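Enquirer: Below is one structure. I have some questions about it.
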Amino acid sequence: MAAVIEPAGPSGSKTEKTKRIRFGSVEPALLAVMKQLDPLVVVLCLLGCVIAHGGPFDPALGAVCILAFIISSRVFGRAHREEELGSAPVPTTFYRIVIEWAAVICILLLAGFAFKVTEQFSRATMLTWFALTPFTLYAAHIARQRARWLIANSDYTPTYLIIGANSVGFELFRRLPRKGFLGFFDFRSVDRLPDTIDPAHLVGHCKDVAEFSRAHGVTSIYIALPLSNVPRIGEMVRELRDTTASIYFVPDVFAFDLIQGRLVEINGMPAISVCDTPFHGMDAVSKRVTDIVLASIGLALLAPLMVLLATAVKLTSRGPVLFKQRRYGLNGEEIIVYKFRSMTVCEDGPVVTQATKSDNRITPLGRILRSSSLDELPQLLNVLEGTMSVVGPRPHAVAHNEMYRKLISGYMIRHKVRPGITGLAQVNGLRGETETIEKMRERVRFDLEYLSHWSPWLDIKIIFKTLWVLGRDKNAY
């Protein structure tokens, strides 16, 4: 991070100065470049296929190269993608690359059919390109992993110190390469250190860190001290200005239960997100576009079935076809959720009784609809309206929300995203009745886990798992 002094607008007789913070990276230049290679690999693979098949290099090919590069930059340039792939098993890594590449192909084909230009390209060339690219992308991923290992273990590895022999300092030590680590500094003596810190790693007291850095040519210094030490941290930073080391402050954010913890910039001011929605920027756009596409396809395919179910509901019991109930949606705002009516009552007041296994309010047809989740098909309309998502925490009746928000800590955090037709809790055996507070607490735990670890892959996994568990889960009735 670097501080830049910029002039602000005039205020009184003096010109104010505003400090700004830019967010950047500390990774080596080679790794930074290699992380951007995937779009280039896609284009080079296409050009190689064209050469192999003797195809022409015309403007249409140039347009495809540009479009493929732009789309690939977005799909393969997702934040933390490399870290996620690096920690996954080989089959999972290759599977994710195939799914990412399939998304690029779908967008390219959609553009090709929309502009009616698909006939201008050789099918053999395109199919070869589609088939070979995942393997070249996987090879590029392996090359990046190898380069990362070589840099971390080379003789040119930067040296670093960690100031703060505590849980934050140890966590940082665990994530950084071992080579180049010179030791911990702390204000405490060895006998006061936590058990997780090897006493041999404590090389000195904080008052001696500047002298040590000058003597050993330390490249980087990470300050992992509690905020209560701000006065002493300030004094130490002033002493370290007489060294050539880069200085980084690592705050103890792990003291909180993080929901989408991340660094953000607010008009040049750095901030740490402790509890936030995962859907900002392009993530919000991709989530919404995916919802619209899936809901549109679902309605198109299931429209005849929905008409038959609506007719059956109307003919088999008295009352409306659709049951409309108030529930809490995004940011805790009330929404109207649609379902095929499966009961003889339509409760939506201050008291709503959950359905039980032997509930006599459920109609014979309703019991089939509820056990198969067919009663929730009209919620595809909610998705198109923008009040729900295909995947997300299940919405509860307003009466239940008002009760559980007082009993379960963090209950309302689940409303930082749109509620879903299916969710992580539902595919983990928590469909249907929550007759105990423990069951609802467990459902909320899965909802918060979804918010904390959301990714497009998690949504895909939940959708496929939902299709698998439908008809096998006996908890819905």
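FYI, nothing fancy with the structure tokens labels: chains A, B, ... in order, residues from 1 per chain, ligands from 1 as they appear.
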Near region 150-159 of chain A, counting only C-alpha atoms, which residues have an atom at most 8 Å away, once you skip same-chain residues fewer than 5 positions from it, shown as number ranges by chain?
Expert: A: 177, 179-182, 217-220
Enquirer: Go ahead and write the selection's residues with N, CA and C atoms as a short mmCIF file (atom, residue, chain, number, x, y, z; two decimals), in the first residue's frame.
Expert:
data_model
loop_
_atom_site.label_atom_id
_atom_site.label_comp_id
_atom_site.auth_asym_id
_atom_site.auth_seq_id
_atom_site.Cartn_x
_atom_site.Cartn_y
_atom_site.Cartn_z
N PRO A 177 6.21 -18.18 3.11
CA PRO A 177 7.23 -19.21 2.90
C PRO A 177 8.21 -19.25 4.07
N LYS A 179 11.34 -20.16 3.95
CA LYS A 179 12.64 -19.61 3.59
C LYS A 179 12.56 -18.08 3.60
N GLY A 180 13.49 -17.46 4.21
CA GLY A 180 13.50 -16.01 4.31
C GLY A 180 13.03 -15.50 5.66
N PHE A 181 12.43 -16.39 6.48
CA PHE A 181 11.94 -15.98 7.80
C PHE A 181 13.12 -15.88 8.77
N LEU A 182 13.27 -14.71 9.39
CA LEU A 182 14.38 -14.48 10.32
C LEU A 182 13.96 -14.57 11.78
N GLY A 217 19.91 -6.63 6.76
CA GLY A 217 19.34 -6.29 5.46
C GLY A 217 17.95 -6.86 5.26
N VAL A 218 17.08 -6.73 6.26
CA VAL A 218 15.72 -7.28 6.19
C VAL A 218 14.92 -6.61 5.08
N THR A 219 14.24 -7.42 4.28
CA THR A 219 13.46 -6.89 3.15
C THR A 219 12.08 -6.41 3.58
N SER A 220 11.38 -7.20 4.41
CA SER A 220 10.01 -6.87 4.80
C SER A 220 9.81 -7.08 6.29
#
Enquirer: Pick out each residue of region 274-417 of chain A that DSSP on the backbone tags as helix (DSSP H, G or I); I need them as an MDAnalysis selection string.
Expert: chainID A and resid 281:316 330:332 364:372 374:376 379:385 398:404 411:416
Enquirer: Please identify all polymer residues within 8 Å of Leu330 (chain A), counting only C-alpha atoms, omitting same-chain residues fewer than 2 positions from it, and present them as an NGL selection string.
Expert: :A and (328 or 332-333 or 387 or 415-419)
Enquirer: I need the residues from that last selection saved to file as an mmCIF file, in the first residue's frame (with N, CA and C atoms), if you can.
Expert:
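Heads up, here's the output in selection-v6.cif:
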data_model
loop_
_atom_site.group_PDB
_atom_site.id
_atom_site.type_symbol
_atom_site.label_atom_id
_atom_site.label_comp_id
_atom_site.auth_asym_id
_atom_site.auth_seq_id
_atom_site.Cartn_x
_atom_site.Cartn_y
_atom_site.Cartn_z
ATOM 1 N N TYR A 328 -39.298 -12.339 4.717
ATOM 2 C CA TYR A 328 -38.233 -11.350 4.654
ATOM 3 C C TYR A 328 -37.283 -11.692 3.519
ATOM 4 N N GLY A 332 -33.707 -7.625 4.770
ATOM 5 C CA GLY A 332 -34.795 -7.708 5.735
ATOM 6 C C GLY A 332 -36.087 -7.064 5.285
ATOM 7 N N GLU A 333 -36.201 -6.733 4.001
ATOM 8 C CA GLU A 333 -37.438 -6.131 3.496
ATOM 9 C C GLU A 333 -38.483 -7.211 3.220
ATOM 10 N N THR A 387 -36.953 -10.724 -6.310
ATOM 11 C CA THR A 387 -37.129 -10.834 -4.858
ATOM 12 C C THR A 387 -36.483 -12.088 -4.285
ATOM 13 N N HIS A 415 -30.058 -12.396 5.771
ATOM 14 C CA HIS A 415 -30.824 -11.555 4.852
ATOM 15 C C HIS A 415 -29.947 -10.548 4.112
ATOM 16 N N LYS A 416 -28.631 -10.719 4.159
ATOM 17 C CA LYS A 416 -27.749 -9.860 3.393
ATOM 18 C C LYS A 416 -27.678 -10.305 1.937
ATOM 19 N N VAL A 417 -28.337 -11.414 1.613
ATOM 20 C CA VAL A 417 -28.456 -11.875 0.227
ATOM 21 C C VAL A 417 -29.924 -12.201 -0.037
ATOM 22 N N ARG A 418 -30.275 -12.308 -1.306
ATOM 23 C CA ARG A 418 -31.645 -12.700 -1.636
ATOM 24 C C ARG A 418 -31.917 -14.127 -1.164
ATOM 25 N N PRO A 419 -33.091 -14.404 -0.641
ATOM 26 C CA PRO A 419 -33.426 -15.792 -0.272
ATOM 27 C C PRO A 419 -33.496 -16.658 -1.511
#
Enquirer: Where in region 158-304 of chain A does DSSP assign strand (DSSP E or B), given as a VMD selection string?
Expert: chain A and resid 160 to 163 181 to 186 202 to 205 220 to 223 246 to 249 259 262 to 266 269 to 273 275
Enquirer: Output C-alpha atoms for every residue in that selection, as a compact mmCIF listing (two decimals), in the first residue's frame.
Expert:
# COMPACT_ATOMS: atom_id res chain seq x y z
CA TYR A 160 11.25 -10.90 6.61
CA LEU A 161 10.48 -10.41 10.29
CA ILE A 162 7.18 -10.68 12.14
CA ILE A 163 6.67 -8.27 15.02
CA PHE A 181 11.94 -15.98 7.80
CA LEU A 182 14.38 -14.48 10.32
CA GLY A 183 12.21 -14.66 13.42
CA PHE A 184 9.67 -12.99 15.71
CA PHE A 185 10.08 -9.81 17.70
CA ASP A 186 7.82 -8.96 20.63
CA LEU A 202 11.88 -15.23 19.15
CA VAL A 203 15.05 -13.37 18.16
CA GLY A 204 14.68 -10.15 20.09
CA HIS A 205 12.73 -7.34 21.77
CA SER A 220 10.01 -6.87 4.80
CA ILE A 221 8.66 -6.34 8.30
CA TYR A 222 5.12 -7.40 9.25
CA ILE A 223 3.63 -5.76 12.35
CA SER A 246 9.08 -2.50 3.56
CA ILE A 247 6.70 -2.23 6.52
CA TYR A 248 3.22 -3.79 6.64
CA PHE A 249 0.62 -3.62 9.39
CA ILE A 259 -18.75 -12.88 6.93
CA ARG A 262 -12.17 -8.38 2.72
CA LEU A 263 -10.21 -5.18 2.25
CA VAL A 264 -12.17 -2.38 0.60
CA GLU A 265 -11.48 1.19 -0.41
CA ILE A 266 -13.90 3.99 0.42
CA MET A 269 -9.74 5.28 2.81
CA PRO A 270 -8.92 1.63 3.61
CA ALA A 271 -11.50 -0.41 5.49
CA ILE A 272 -11.86 -4.05 6.49
CA SER A 273 -15.18 -5.72 5.85
CA CYS A 275 -19.75 -8.62 7.93
Enquirer: Taking only C-alpha atoms into account, name the residue in A:Val307, A:Ile362, A:Ile413, A:Ala103 that is nearest to Thr290 (chain A).
Expert: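 Ranking A:Val307, A:Ile362, A:Ile413, A:Ala103 by distance to Thr290 (chain A), first place goes to A:Ala103.
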Enquirer: Extract, using only C-alpha atoms, all DNA, RNA and protein residues at most 12 Å from Thr466 (chain A), discarding same-chain residues fewer than 4 positions from it, and format them as a list in words.
Expert: Ser372, Ser373, Val390, Val391, Ile421, Thr422, Gly423, Leu424, Ala425, Gln426, Val427, Asn428, Gly429, Leu430, Arg431, Asp459, Ile460, Lys461, Ile462, Leu470, Gly471, Arg472 and Asp473 of chain A
Enquirer: By how many Å are CA of Pro56 (chain A) and CA of Ile105 (chain A) apart?
Expert: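 Atom-to-atom, CA of Pro56 (chain A) to CA of Ile105 (chain A), that is 21.0 Å.
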Enquirer: If we count only C-alpha atoms and set the cut-off at 9 Å, which residues sit around Val168 (chain A), ignoring sequence neighbours fewer than 5 positions away in its own chain? Please answer as JSON, numbers by chain.
Expert: {"A": [173, 224, 225, 226, 250, 251, 252, 253, 254]}
Enquirer: Save out the residues we just selected, C-alpha atoms, as a tab-separated table (two decimals), in the first residue's frame.
Expert:
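Result written to selection08.tsv:
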chain	number	residue	atom	x	y	z
A	173	PHE	CA	4.02	-17.19	9.64
A	224	ALA	CA	1.05	-8.10	13.90
A	225	LEU	CA	0.60	-6.34	17.25
A	226	PRO	CA	-2.79	-5.62	18.89
A	250	VAL	CA	-1.45	-6.80	9.82
A	251	PRO	CA	-4.54	-6.11	11.99
A	252	ASP	CA	-6.13	-8.85	14.09
A	253	VAL	CA	-9.33	-9.31	12.06
A	254	PHE	CA	-9.54	-12.99	13.03
Enquirer: Write out as a PDB file with N, CA and C atoms, in the first residue's frame which residues come within 10 Å of Phe121 (chain A) when counting only C-alpha atoms, dropping same-chain ones fewer than 2 positions away.
Expert:
ATOM      1  N   VAL A  50      -6.114 -23.060 -35.682  1.00  0.00           N
ATOM      2  CA  VAL A  50      -6.333 -22.528 -37.033  1.00  0.00           C
ATOM      3  C   VAL A  50      -5.178 -22.919 -37.948  1.00  0.00           C
ATOM      4  N   GLY A  55      -6.589 -23.010 -41.633  1.00  0.00           N
ATOM      5  CA  GLY A  55      -7.639 -22.003 -41.754  1.00  0.00           C
ATOM      6  C   GLY A  55      -7.084 -20.627 -42.086  1.00  0.00           C
ATOM      7  N   PRO A  56      -7.949 -19.717 -42.555  1.00  0.00           N
ATOM      8  CA  PRO A  56      -7.503 -18.366 -42.926  1.00  0.00           C
ATOM      9  C   PRO A  56      -7.417 -17.450 -41.695  1.00  0.00           C
ATOM     10  N   ALA A  60     -12.729 -11.956 -39.169  1.00  0.00           N
ATOM     11  CA  ALA A  60     -13.645 -12.705 -38.292  1.00  0.00           C
ATOM     12  C   ALA A  60     -12.875 -13.436 -37.203  1.00  0.00           C
ATOM     13  N   LEU A  61     -11.729 -14.017 -37.567  1.00  0.00           N
ATOM     14  CA  LEU A  61     -10.899 -14.696 -36.578  1.00  0.00           C
ATOM     15  C   LEU A  61     -10.358 -13.695 -35.558  1.00  0.00           C
ATOM     16  N   VAL A  64     -13.025 -12.951 -33.035  1.00  0.00           N
ATOM     17  CA  VAL A  64     -13.191 -14.038 -32.069  1.00  0.00           C
ATOM     18  C   VAL A  64     -12.063 -14.001 -31.047  1.00  0.00           C
ATOM     19  N   GLY A 112     -22.175 -15.733 -31.264  1.00  0.00           N
ATOM     20  CA  GLY A 112     -22.128 -16.183 -32.652  1.00  0.00           C
ATOM     21  C   GLY A 112     -23.503 -16.387 -33.250  1.00  0.00           C
ATOM     22  N   VAL A 117     -23.021 -15.525 -37.319  1.00  0.00           N
ATOM     23  CA  VAL A 117     -21.703 -15.613 -37.955  1.00  0.00           C
ATOM     24  C   VAL A 117     -21.065 -16.983 -37.745  1.00  0.00           C
ATOM     25  N   THR A 118     -21.794 -17.925 -37.174  1.00  0.00           N
ATOM     26  CA  THR A 118     -21.199 -19.233 -36.867  1.00  0.00           C
ATOM     27  C   THR A 118     -20.760 -19.975 -38.122  1.00  0.00           C
ATOM     28  N   GLU A 119     -21.413 -19.710 -39.267  1.00  0.00           N
ATOM     29  CA  GLU A 119     -21.074 -20.423 -40.499  1.00  0.00           C
ATOM     30  C   GLU A 119     -19.725 -19.988 -41.060  1.00  0.00           C
ATOM     31  N   ARG A 123     -15.941 -25.880 -38.347  1.00  0.00           N
ATOM     32  CA  ARG A 123     -16.394 -26.642 -37.183  1.00  0.00           C
ATOM     33  C   ARG A 123     -15.262 -27.487 -36.609  1.00  0.00           C
ATOM     34  N   ALA A 124     -14.435 -28.047 -37.482  1.00  0.00           N
ATOM     35  CA  ALA A 124     -13.313 -28.874 -37.006  1.00  0.00           C
ATOM     36  C   ALA A 124     -12.351 -28.030 -36.169  1.00  0.00           C
ATOM     37  N   THR A 125     -12.089 -26.806 -36.639  1.00  0.00           N
ATOM     38  CA  THR A 125     -11.181 -25.919 -35.901  1.00  0.00           C
ATOM     39  C   THR A 125     -11.767 -25.556 -34.547  1.00  0.00           C
ATOM     40  N   MET A 126     -13.037 -25.182 -34.531  1.00  0.00           N
ATOM     41  CA  MET A 126     -13.672 -24.751 -33.294  1.00  0.00           C
ATOM     42  C   MET A 126     -13.778 -25.905 -32.291  1.00  0.00           C
TER      43      MET A 126
END
Enquirer: For Asp375 (chain A), find every residue with an atom within 12 Å (counting only C-alpha atoms), except residues of its own chain fewer than 4 positions away, and show them as a list of chain:residue names.
Expert: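 Skipping anything fewer than 4 positions along the chain leaves A:Leu305, A:Met306, A:Leu309, A:Ala310, A:Ala312, A:Val313, A:Val321, A:Leu322, A:Phe323, A:Lys324, A:Val337, A:Tyr338, A:Lys339, A:Phe340, A:Arg341, A:Ser342, A:Met343, A:Leu365, A:Gly366, A:Arg367, A:Ile368, A:Leu369, A:Arg370, A:Ser371, A:Gln379, A:Leu380, A:Ile421, A:Ala476, A:Tyr477.
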Enquirer: With C-alpha atoms kept, could you save the residues just selected as a tab-separated table (two decimals), in the first residue's frame?
Expert:
chain	number	residue	atom	x	y	z
A	305	LEU	CA	-46.20	-29.18	-15.68
A	306	MET	CA	-47.03	-26.01	-13.74
A	309	LEU	CA	-50.35	-28.76	-11.16
A	310	ALA	CA	-52.36	-25.52	-10.99
A	312	ALA	CA	-55.00	-30.18	-10.08
A	313	VAL	CA	-54.82	-27.84	-7.07
A	321	VAL	CA	-54.17	-21.99	-6.66
A	322	LEU	CA	-51.25	-19.92	-5.40
A	323	PHE	CA	-50.45	-19.41	-1.74
A	324	LYS	CA	-48.91	-15.98	-1.16
A	337	VAL	CA	-43.37	-15.51	-1.92
A	338	TYR	CA	-45.45	-17.71	-4.24
A	339	LYS	CA	-46.18	-21.41	-3.76
A	340	PHE	CA	-48.77	-23.83	-5.04
A	341	ARG	CA	-51.32	-24.08	-2.24
A	342	SER	CA	-50.80	-27.37	-0.40
A	343	MET	CA	-53.01	-26.77	2.67
A	365	LEU	CA	-52.26	-33.50	-3.41
A	366	GLY	CA	-50.42	-31.01	-1.21
A	367	ARG	CA	-48.59	-33.81	0.56
A	368	ILE	CA	-47.19	-34.98	-2.79
A	369	LEU	CA	-46.30	-31.44	-3.82
A	370	ARG	CA	-44.51	-30.69	-0.54
A	371	SER	CA	-42.52	-33.94	-0.36
A	379	GLN	CA	-40.93	-19.19	-6.88
A	380	LEU	CA	-39.23	-19.10	-10.28
A	421	ILE	CA	-35.44	-21.63	-3.78
A	476	ALA	CA	-40.04	-32.48	3.78
A	477	TYR	CA	-43.78	-32.92	4.31
Enquirer: Please compute the CA of Gly62 (chain A)-CA of Phe94 (chain A) distance, one decimal, in Å.
Expert: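 According to the coordinates, CA of Gly62 (chain A) and CA of Phe94 (chain A) are separated by 28.1 Å.
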Enquirer: Could you state the separation of CA of Leu40 (chain A) and CA of Phe69 (chain A) in Å, given to one decimal place?
Expert: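 Taking CA of Leu40 (chain A) as the start and CA of Phe69 (chain A) as the end point, the length is 6.7 Å.
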Enquirer: Find the residue from A:Ala102, A:Gln120, A:Leu193, A:Ala143 that sits nearest to Ala165 (chain A); use only C-alpha atoms when measuring.
Expert: A:Leu193
